[in-house]
Structure formats: C-alpha cells, structure tokens
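J.: Handing over coords.cif, mmCIF, C-alpha atoms.
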```
data_work
#
loop_
_atom_site.label_atom_id
_atom_site.label_comp_id
_atom_site.auth_asym_id
_atom_site.auth_seq_id
_atom_site.Cartn_x
_atom_site.Cartn_y
_atom_site.Cartn_z
CA MET A 1 59.97 226.70 -83.59
CA GLU A 2 62.46 224.68 -81.57
CA HIS A 3 65.23 226.79 -80.04
CA SER A 4 68.83 225.60 -80.01
CA ILE A 5 68.84 225.15 -76.21
CA HIS A 6 66.18 222.46 -76.58
CA ARG A 7 68.26 220.52 -79.08
CA GLN A 8 71.39 220.97 -76.96
CA LEU A 9 69.70 219.62 -73.87
CA LYS A 10 68.32 216.60 -75.72
CA SER A 11 71.86 215.78 -76.83
CA LEU A 12 73.17 216.34 -73.31
CA TYR A 13 70.95 213.54 -72.03
CA VAL A 14 70.88 211.25 -75.08
CA THR A 15 73.65 211.60 -77.66
CA ASP A 16 72.03 209.32 -80.25
CA GLU A 17 69.77 211.57 -82.36
CA ALA A 18 67.81 208.51 -83.50
CA CYS A 19 66.42 208.43 -79.95
CA HIS A 20 65.16 212.03 -80.17
CA GLU A 21 61.55 212.96 -80.97
CA VAL A 22 60.18 209.45 -80.57
CA ALA A 23 56.45 208.69 -80.79
CA ILE A 24 55.19 206.78 -77.73
CA ASP A 25 51.57 206.26 -76.63
CA GLY A 26 50.40 208.94 -79.03
CA TYR A 27 52.88 211.55 -77.75
CA ARG A 28 56.07 212.98 -79.17
CA ILE A 29 58.84 212.36 -76.60
CA ASP A 30 61.93 214.60 -76.62
CA ALA A 31 64.38 211.76 -75.96
CA VAL A 32 64.38 208.14 -74.86
CA ASP A 33 67.14 206.12 -73.25
CA GLU A 34 67.10 202.48 -72.19
CA LYS A 35 65.58 203.31 -68.79
CA ARG A 36 63.06 206.12 -69.24
CA LEU A 37 61.38 208.82 -71.27
CA ILE A 38 62.96 212.27 -71.14
CA GLU A 39 61.06 215.53 -71.53
CA ILE A 40 62.91 218.87 -71.73
CA GLN A 41 60.52 221.60 -70.60
CA TYR A 42 61.80 225.14 -71.08
CA GLY A 43 58.25 226.49 -70.84
CA PRO A 44 55.73 226.08 -68.00
CA LEU A 45 55.48 222.63 -66.43
CA GLY A 46 51.71 223.01 -66.36
CA ALA A 47 51.66 222.77 -70.16
CA ILE A 48 52.86 219.15 -70.05
CA ARG A 49 50.90 218.09 -66.97
CA PRO A 50 48.29 215.95 -68.82
CA LYS A 51 50.98 214.38 -70.98
CA ILE A 52 53.23 213.45 -68.06
CA ARG A 53 50.33 212.17 -65.96
CA ARG A 54 49.32 209.85 -68.81
CA LEU A 55 52.87 208.61 -69.51
CA LEU A 56 53.52 207.81 -65.84
CA LYS A 57 50.86 205.10 -65.98
CA SER A 58 53.24 202.87 -67.92
CA HIS A 59 56.67 204.54 -68.10
CA ASP A 60 59.41 206.00 -65.96
CA VAL A 61 59.81 209.67 -66.88
CA LEU A 62 62.53 212.28 -66.39
CA VAL A 63 61.40 215.91 -66.72
CA VAL A 64 64.25 218.39 -67.15
CA LYS A 65 63.54 222.00 -66.15
CA PRO A 66 66.25 224.52 -67.15
CA LEU A 67 66.40 227.83 -65.26
CA ALA A 68 68.39 230.83 -66.51
CA ALA A 69 70.80 231.76 -63.73
CA ARG A 70 72.37 234.19 -66.19
CA LYS A 71 71.19 235.30 -69.61
CA GLN A 72 73.10 237.32 -72.20
CA LEU A 73 70.76 239.34 -74.44
CA LEU A 74 72.01 239.80 -78.00
CA LYS A 75 70.13 242.02 -80.42
CA ARG A 76 70.03 241.59 -84.20
CA GLU A 77 68.26 243.74 -86.77
CA VAL A 78 67.69 240.87 -89.23
CA PRO A 79 67.53 237.08 -88.78
CA GLU A 80 71.00 235.54 -88.43
CA GLY A 81 72.52 238.99 -89.00
CA PRO A 82 75.34 240.57 -87.01
CA VAL A 83 74.82 241.32 -83.32
CA VAL A 84 74.28 245.08 -82.93
CA SER A 85 74.13 245.19 -79.13
CA SER A 86 74.65 242.93 -76.15
CA ARG A 87 73.87 243.16 -72.46
CA LYS A 88 73.25 240.95 -69.47
CA SER A 89 69.66 240.44 -68.42
CA PRO A 90 68.92 241.88 -64.98
CA ARG A 91 66.69 238.89 -64.28
CA LYS A 92 68.50 235.95 -62.72
CA GLN A 93 66.59 232.80 -61.89
CA THR A 94 67.34 230.78 -58.79
CA VAL A 95 66.04 227.50 -57.46
CA TRP A 96 63.12 229.44 -55.96
CA ASN A 97 61.79 230.13 -59.46
CA LEU A 98 61.07 226.43 -59.77
CA PHE A 99 58.02 227.06 -57.57
CA ASP A 100 56.53 229.35 -60.22
CA ASP A 101 55.98 226.10 -62.12
CA LEU A 102 55.53 223.58 -59.32
CA VAL A 103 52.25 225.15 -58.21
CA HIS A 104 50.84 223.98 -61.56
CA PHE A 105 52.49 220.56 -61.27
CA VAL A 106 51.55 219.67 -57.70
CA ASP A 107 49.14 216.90 -58.69
CA VAL A 108 51.89 215.20 -60.74
CA PHE A 109 55.04 215.63 -58.62
CA PRO A 110 56.02 213.71 -56.59
CA HIS A 111 55.33 210.34 -58.20
CA PRO A 112 57.28 207.06 -57.79
CA ARG A 113 57.96 206.86 -61.55
CA LEU A 114 58.86 210.53 -61.99
CA GLU A 115 62.18 212.32 -61.59
CA LEU A 116 62.43 216.09 -61.93
CA GLU A 117 65.87 217.48 -62.72
CA VAL A 118 66.51 221.20 -62.29
CA LEU A 119 69.32 222.77 -64.30
CA LEU A 120 70.81 226.16 -63.50
CA THR A 121 72.13 227.43 -66.81
CA MET A 122 73.90 230.27 -68.55
CA GLN A 123 72.13 231.17 -71.80
CA ASP A 124 72.51 233.41 -74.82
CA GLU A 125 69.23 234.85 -76.10
CA TYR A 126 69.10 236.37 -79.60
CA ARG A 127 66.39 238.94 -80.20
CA LEU A 128 64.87 240.60 -83.27
CA PRO A 129 62.66 243.70 -83.48
CA ALA A 130 58.96 242.83 -83.41
CA GLU A 131 57.30 243.22 -86.82
CA LYS A 132 54.22 244.86 -85.35
CA LYS A 133 54.01 246.88 -82.18
CA ARG A 134 50.83 246.13 -80.31
CA TRP A 135 49.81 247.46 -76.96
CA ARG A 136 50.95 244.22 -75.31
CA SER A 137 54.07 243.79 -77.44
CA ARG A 138 57.48 243.62 -75.77
CA GLY A 139 58.99 245.25 -78.85
CA TYR A 140 61.05 242.18 -79.74
CA VAL A 141 60.79 238.51 -80.60
CA VAL A 142 63.19 235.80 -79.50
CA GLU A 143 65.03 234.44 -82.52
CA ASP A 144 66.95 231.74 -80.65
CA ARG A 145 68.23 230.65 -77.26
CA LEU A 146 71.53 228.83 -76.85
CA LEU A 147 72.89 226.95 -73.86
CA SER A 148 76.24 228.39 -72.81
CA GLU A 149 76.90 226.37 -69.67
CA VAL A 150 75.21 224.24 -67.02
CA THR A 151 76.24 225.60 -63.63
CA GLY A 152 74.07 223.48 -61.35
CA ARG A 153 72.15 220.22 -61.51
CA THR A 154 69.72 218.87 -58.91
CA SER A 155 67.60 215.72 -59.03
CA LEU A 156 64.23 215.67 -57.24
CA LYS A 157 62.26 212.47 -56.66
CA THR A 158 60.57 213.00 -53.29
CA VAL A 159 59.30 215.87 -51.15
CA ASP A 160 62.34 215.34 -48.91
CA ASP A 161 64.58 215.99 -51.93
CA LEU A 162 62.69 219.22 -52.45
CA LEU A 163 63.10 220.21 -48.80
CA ASP A 164 66.85 219.54 -49.03
CA LEU A 165 66.95 221.92 -51.98
CA ILE A 166 65.74 224.79 -49.79
CA PRO A 167 68.61 226.54 -47.94
CA GLU A 168 68.81 225.53 -44.27
CA ALA A 169 68.73 229.20 -43.26
CA VAL A 170 65.10 229.27 -44.42
CA PHE A 171 63.99 226.05 -42.71
CA PRO A 172 66.61 225.27 -40.04
CA PRO A 173 66.24 221.83 -38.42
CA TRP A 174 65.43 223.44 -35.09
CA ARG A 175 62.56 225.58 -36.40
CA THR A 176 59.39 224.81 -34.47
CA GLU A 177 57.58 228.15 -34.35
CA PRO A 178 54.91 228.97 -36.95
CA PHE A 179 55.84 231.27 -39.82
CA THR A 180 54.06 233.34 -42.47
CA THR A 181 54.84 233.88 -46.12
CA ALA A 182 56.31 237.25 -45.09
CA ASP A 183 58.79 235.39 -42.86
CA LEU A 184 59.56 232.98 -45.69
CA ALA A 185 60.07 235.83 -48.20
CA LYS A 186 62.48 237.59 -45.83
CA ALA A 187 64.49 234.46 -45.00
CA ALA A 188 64.75 233.37 -48.63
CA GLY A 189 65.30 236.85 -50.11
CA ILE A 190 62.37 236.52 -52.49
CA ARG A 191 59.21 238.52 -53.15
CA ARG A 192 56.04 237.81 -51.21
CA PRO A 193 54.03 236.53 -54.25
CA LEU A 194 56.69 233.89 -54.92
CA ALA A 195 56.79 233.02 -51.21
CA ARG A 196 53.03 232.37 -51.39
CA LYS A 197 53.62 229.91 -54.24
CA VAL A 198 56.34 228.17 -52.22
CA ALA A 199 54.03 227.87 -49.21
CA TYR A 200 51.16 226.60 -51.40
CA PHE A 201 53.25 223.83 -52.90
CA LEU A 202 54.82 222.86 -49.56
CA ARG A 203 51.37 222.67 -47.99
CA ARG A 204 49.89 220.61 -50.83
CA SER A 205 52.90 218.26 -50.63
CA GLY A 206 52.60 217.79 -46.87
CA ILE A 207 55.94 219.44 -46.11
CA VAL A 208 54.27 222.18 -44.05
CA GLN A 209 50.86 222.41 -42.45
CA VAL A 210 48.51 225.29 -41.67
CA VAL A 211 48.17 225.89 -37.92
CA GLY A 212 46.20 229.15 -37.76
CA LYS A 213 46.25 232.79 -38.71
CA GLU A 214 47.99 235.95 -37.51
CA GLY A 215 45.70 238.76 -38.56
CA ASN A 216 45.10 238.08 -42.26
CA ALA A 217 48.32 236.05 -42.63
CA ILE A 218 48.19 232.24 -42.66
CA LEU A 219 50.51 230.54 -40.17
CA TYR A 220 52.48 227.51 -41.36
CA GLU A 221 54.50 225.00 -39.40
CA LEU A 222 56.92 222.22 -40.25
CA PRO A 223 55.61 218.80 -39.20
CA GLU A 224 57.50 216.87 -36.54
CA ARG A 225 58.99 214.52 -39.12
CA VAL A 226 60.91 217.47 -40.61
CA VAL A 227 62.06 219.21 -37.40
CA SER A 228 63.11 215.99 -35.69
CA PRO A 229 66.79 216.19 -34.56
CA ASP A 230 67.33 212.69 -35.96
CA LYS A 231 66.67 213.89 -39.52
#
```
Once more with this new file: its structure as structure tokens, please.
T.:
Amino acid sequence: MEHSIHRQLKSLYVTDEACHEVAIDGYRIDAVDEKRLIEIQYGPLGAIRPKIRRLLKSHDVLVVKPLAARKQLLKREVPEGPVVSSRKSPRKQTVWNLFDDLVHFVDVFPHPRLELEVLLTMQDEYRLPAEKKRWRSRGYVVEDRLLSEVTGRTSLKTVDDLLDLIPEAVFPPWRTEPFTTADLAKAAGIRRPLARKVAYFLRRSGIVQVVGKEGNAILYELPERVVSPDK
C-alpha cells in the first residue's frame, strides 16, 4: 500500500499527475519530468539497486531518499478513526543515517547519470494495533505516513559532494593522521556500527584508504587530494 508521503513527494517533484507511475523499460517509474526519471525511495536503497542500475544505461535518474528528522507518532484504534494518543518518536534521523543505505548502493552511486537527493523531513506516522501478536511483532502496524515539512535538501552527484555533506569537524581539511571507526564515531556523535558503515562506503568510494591496523582496529586515512590545502 502506498503511503501518503510517497504521493506527496511525487507531487513535490512533478505536479502533473499524468507523469506519475509511468511504465518505462519494463519498470514502473514514480515520476518523470522532461529531463529525467524520478524514484522516491522511502525504503532501503538496496531494494531498487537492480532497477536503477538498469535504468542508468539509457536514462538520467534522480533518486530521492527522505529521512525522518522528526516523527510524530499518532495512535488509532480503528482505521481512519480518531487519534487516541500522540507522542514524538525518540528516534531522529540525521544525514549519517544515509549510510545505512549507501552501503547497499555502493556499486550504483556515484554514476554520471545519477543524482541522489537527501531530504530531511518532519513526518506524521499513524499507527493501528497489530491484529495478531507474534513473537517478532512490534504490536502495531503503520496505517499511513504523511509529510509535514521538508527541513533540509541536499543533492549528491559525486563523492566530493558526499564528503562536503560530512561536517568539517569530523574530517577537517588539515587532518592527515590515520583514524579508526571509534575516532569517527566519537567525532560524528554516532554509534560504532554506523561508523563502520560510513568507513566502508568511504573506502569503497575512494574517499578514504586503509593504511594499517591498530590492534584489531583498521586505520583509515584521507588521500592527499582531500587534505590538500587548495581544496
């Protein structure tokens, strides 16, 4: 079932609904404008990896990845019924959460015909009680998600765009000494598992390189092209 946020984002990029859900090369495309194909991917980027790789052979593609910087959780007892409770989700996504997906998209991005746009959003999520409680059940199902506001918008086309997205406090221009994922986690204020994903993608993209080990920890270093004072 398509959630409202998906429809809202399609209209944000292409207002003409006749250009939504268009069949191209055997795929259903979320929206099409005069310049490119547009895919809105609320779920994991890895799920559309084969599709995007195939489309890039003959089309320019924009992939839009919304992140929930703030989410309001609204509970209903019955579909479309009154809201019985409301609270803010303690989970707040930041630009770092993009790397949860990028590790499964590293063989697609970057690409000369691909643009990845990251949206920081405020969302309303409507929940219903789960019909059956299983041992892996969360106890609820998501009835709908609505876009409340877009608070940030960043376009990524190259690995340098991605590096610019990372706060300078994490990778200052003068950094020359090797670092570990523990150093990265501390500087960025993120958990170590996410820092490992960041390091993996940066290494696969050529932004950082492995230069050794410190105990069991891998040492990474920024190449000269990044730390150069002329950058």
J.: Find the residue from A:Lys65, A:Lys10, A:Lys186, A:His59 that sits nearest to A:Asn97; use all atoms listed in the file when measuring.
T.: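 Ranking A:Lys65, A:Lys10, A:Lys186, A:His59 by distance to A:Asn97, first place goes to A:Lys65.
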J.: Every residue with an atom at most 7 Å from (60.1, 217.5, -57.2) (file coordinates; all atoms listed in the file) is what I'm after, so could you write them as a PyMOL selection string?
T.: chain A and resi 109-110+116+156-159+162
J.: Measuring between all atoms listed in the file, which one of A:Tyr200, A:Arg36, A:Pro44, A:Tyr220 shows the shortest distance to A:Asp183?
T.: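 The closest residue to A:Asp183 is A:Tyr220.
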J.: Using the chain letters and numbering of this document, enumerate as a JSON list (two decimals) with C-alpha atoms, in the frame of the given file the residues selected by the PyMOL selection byres ((chain A and resi 118) around 6).
T.:
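Generated output (out_33.json):
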```
[["chain", "number", "residue", "atom", "x", "y", "z"],
["A", 65, "LYS", "CA", 63.54, 222.00, -66.15],
["A", 66, "PRO", "CA", 66.25, 224.52, -67.15],
["A", 117, "GLU", "CA", 65.87, 217.48, -62.72],
["A", 119, "LEU", "CA", 69.32, 222.77, -64.30],
["A", 153, "ARG", "CA", 72.15, 220.22, -61.51],
["A", 154, "THR", "CA", 69.72, 218.87, -58.91]]
```
J.: Spell out the residues picked by the PyMOL selection byres ((chain A and resi 108) around 8) here, as a list of chain:residue names.
T.: A:Arg49, A:Ile52, A:Arg53, A:Phe105, A:Val106, A:Asp107, A:Phe109, A:Pro110, A:His111
J.: Just to confirm, what's the straight-line distance from atom CA of A:Pro129 to atom CA of A:Glu77 in Å (one decimal)?
T.: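 Separation between atom CA of A:Pro129 and atom CA of A:Glu77: 6.5 Å.
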J.: Up to 10 Å from (65.2, 234.2, -51.5) in the file's coordinates: name the residues, counting only C-alpha atoms, as an mmCIF file with C-alpha atoms, in the frame of the given file.
T.:
```
data_model
loop_
_atom_site.group_PDB
_atom_site.id
_atom_site.type_symbol
_atom_site.label_atom_id
_atom_site.label_comp_id
_atom_site.auth_asym_id
_atom_site.auth_seq_id
_atom_site.Cartn_x
_atom_site.Cartn_y
_atom_site.Cartn_z
ATOM 1 C CA THR A 94 67.340 230.780 -58.790
ATOM 2 C CA VAL A 95 66.040 227.500 -57.460
ATOM 3 C CA TRP A 96 63.120 229.440 -55.960
ATOM 4 C CA ASN A 97 61.790 230.130 -59.460
ATOM 5 C CA ILE A 166 65.740 224.790 -49.790
ATOM 6 C CA PRO A 167 68.610 226.540 -47.940
ATOM 7 C CA VAL A 170 65.100 229.270 -44.420
ATOM 8 C CA LEU A 184 59.560 232.980 -45.690
ATOM 9 C CA ALA A 185 60.070 235.830 -48.200
ATOM 10 C CA LYS A 186 62.480 237.590 -45.830
ATOM 11 C CA ALA A 187 64.490 234.460 -45.000
ATOM 12 C CA ALA A 188 64.750 233.370 -48.630
ATOM 13 C CA GLY A 189 65.300 236.850 -50.110
ATOM 14 C CA ILE A 190 62.370 236.520 -52.490
ATOM 15 C CA ARG A 191 59.210 238.520 -53.150
ATOM 16 C CA ARG A 192 56.040 237.810 -51.210
ATOM 17 C CA LEU A 194 56.690 233.890 -54.920
ATOM 18 C CA ALA A 195 56.790 233.020 -51.210
#
```
J.: What does the distance between atom CA of A:Glu2 and atom CA of A:Lys197 come to in Å, to one decimal place?
T.: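 Value for the atom CA of A:Glu2-atom CA of A:Lys197 distance: 29.2 Å.
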J.: So the first atom is atom CA of A:Leu45 and the second is atom CA of A:Asp25; what is the distance between them in Å, to one decimal place?
T.: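 Atom-to-atom, atom CA of A:Leu45 to atom CA of A:Asp25, that is 19.7 Å.
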J.: Please enumerate the residues selected by the PyMOL selection byres ((chain A and resi 30) around 7) when evaluated against the supplied file, formatted as a ChimeraX atom specification.
T.: /A:10,20-22,28-29,31,38-40
J.: Store the residues picked out above in a file with C-alpha atoms, as a compact mmCIF listing (two decimals), in the frame of the given file.
T.:
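Result saved to selection04.txt:
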```txt
# COMPACT_ATOMS: atom_id res chain seq x y z
CA LYS A 10 68.32 216.60 -75.72
CA HIS A 20 65.16 212.03 -80.17
CA GLU A 21 61.55 212.96 -80.97
CA VAL A 22 60.18 209.45 -80.57
CA ARG A 28 56.07 212.98 -79.17
CA ILE A 29 58.84 212.36 -76.60
CA ALA A 31 64.38 211.76 -75.96
CA ILE A 38 62.96 212.27 -71.14
CA GLU A 39 61.06 215.53 -71.53
CA ILE A 40 62.91 218.87 -71.73
```
J.: Find the residue from A:Leu102, A:Leu114, A:Ala23, A:Val78 that sits nearest to A:Leu62; use all atoms listed in the file when measuring.
T.: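 Closest to A:Leu62, using all atoms listed in the file: A:Leu114.
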J.: With distances taken over only C-alpha atoms, which residue among A:Leu74, A:Asp160, A:Glu17, A:Tyr42 lies nearest A:Tyr140?
T.: A:Leu74
J.: What would stretch 41-60 of chain A look like with N, CA and C atoms in place, written as a short mmCIF file (atom, residue, chain, number, x, y, z; two decimals), in the frame of the given file?
T.:
```cif
data_model
loop_
_atom_site.label_atom_id
_atom_site.label_comp_id
_atom_site.auth_asym_id
_atom_site.auth_seq_id
_atom_site.Cartn_x
_atom_site.Cartn_y
_atom_site.Cartn_z
N GLN A 41 61.60 220.61 -70.65
CA GLN A 41 60.52 221.60 -70.60
C GLN A 41 61.07 222.97 -70.23
N TYR A 42 61.36 223.76 -71.29
CA TYR A 42 61.80 225.14 -71.08
C TYR A 42 60.62 226.00 -70.65
N GLY A 43 59.44 225.72 -71.18
CA GLY A 43 58.25 226.49 -70.84
C GLY A 43 57.63 226.01 -69.54
N PRO A 44 56.40 226.43 -69.26
CA PRO A 44 55.73 226.08 -68.00
C PRO A 44 55.50 224.57 -67.87
N LEU A 45 55.72 224.05 -66.68
CA LEU A 45 55.48 222.63 -66.43
C LEU A 45 53.99 222.29 -66.56
N GLY A 46 53.14 223.26 -66.26
CA GLY A 46 51.71 223.01 -66.36
C GLY A 46 51.27 222.63 -67.77
N ALA A 47 52.03 223.06 -68.77
CA ALA A 47 51.66 222.77 -70.16
C ALA A 47 51.81 221.29 -70.49
N ILE A 48 52.67 220.57 -69.77
CA ILE A 48 52.86 219.15 -70.05
C ILE A 48 52.24 218.27 -68.97
N ARG A 49 51.48 218.85 -68.09
CA ARG A 49 50.90 218.09 -66.97
C ARG A 49 50.05 216.91 -67.45
N PRO A 50 49.09 217.10 -68.37
CA PRO A 50 48.29 215.95 -68.82
C PRO A 50 49.15 214.88 -69.49
N LYS A 51 50.10 215.31 -70.28
CA LYS A 51 50.98 214.38 -70.98
C LYS A 51 51.78 213.53 -70.00
N ILE A 52 52.40 214.17 -69.02
CA ILE A 52 53.23 213.45 -68.06
C ILE A 52 52.38 212.53 -67.20
N ARG A 53 51.22 213.00 -66.77
CA ARG A 53 50.33 212.17 -65.96
C ARG A 53 49.95 210.88 -66.71
N ARG A 54 49.68 211.01 -68.00
CA ARG A 54 49.32 209.85 -68.81
C ARG A 54 50.52 208.91 -68.99
N LEU A 55 51.69 209.44 -69.27
CA LEU A 55 52.87 208.61 -69.51
C LEU A 55 53.30 207.85 -68.26
N LEU A 56 53.10 208.45 -67.09
CA LEU A 56 53.52 207.81 -65.84
C LEU A 56 52.74 206.54 -65.53
N LYS A 57 51.64 206.32 -66.21
CA LYS A 57 50.86 205.10 -65.98
C LYS A 57 51.63 203.86 -66.43
N SER A 58 52.54 204.04 -67.39
CA SER A 58 53.24 202.87 -67.92
C SER A 58 54.72 203.08 -68.17
N HIS A 59 55.26 204.27 -67.82
CA HIS A 59 56.67 204.54 -68.10
C HIS A 59 57.32 205.30 -66.95
N ASP A 60 58.62 205.12 -66.80
CA ASP A 60 59.41 206.00 -65.96
C ASP A 60 59.74 207.24 -66.78
#
```
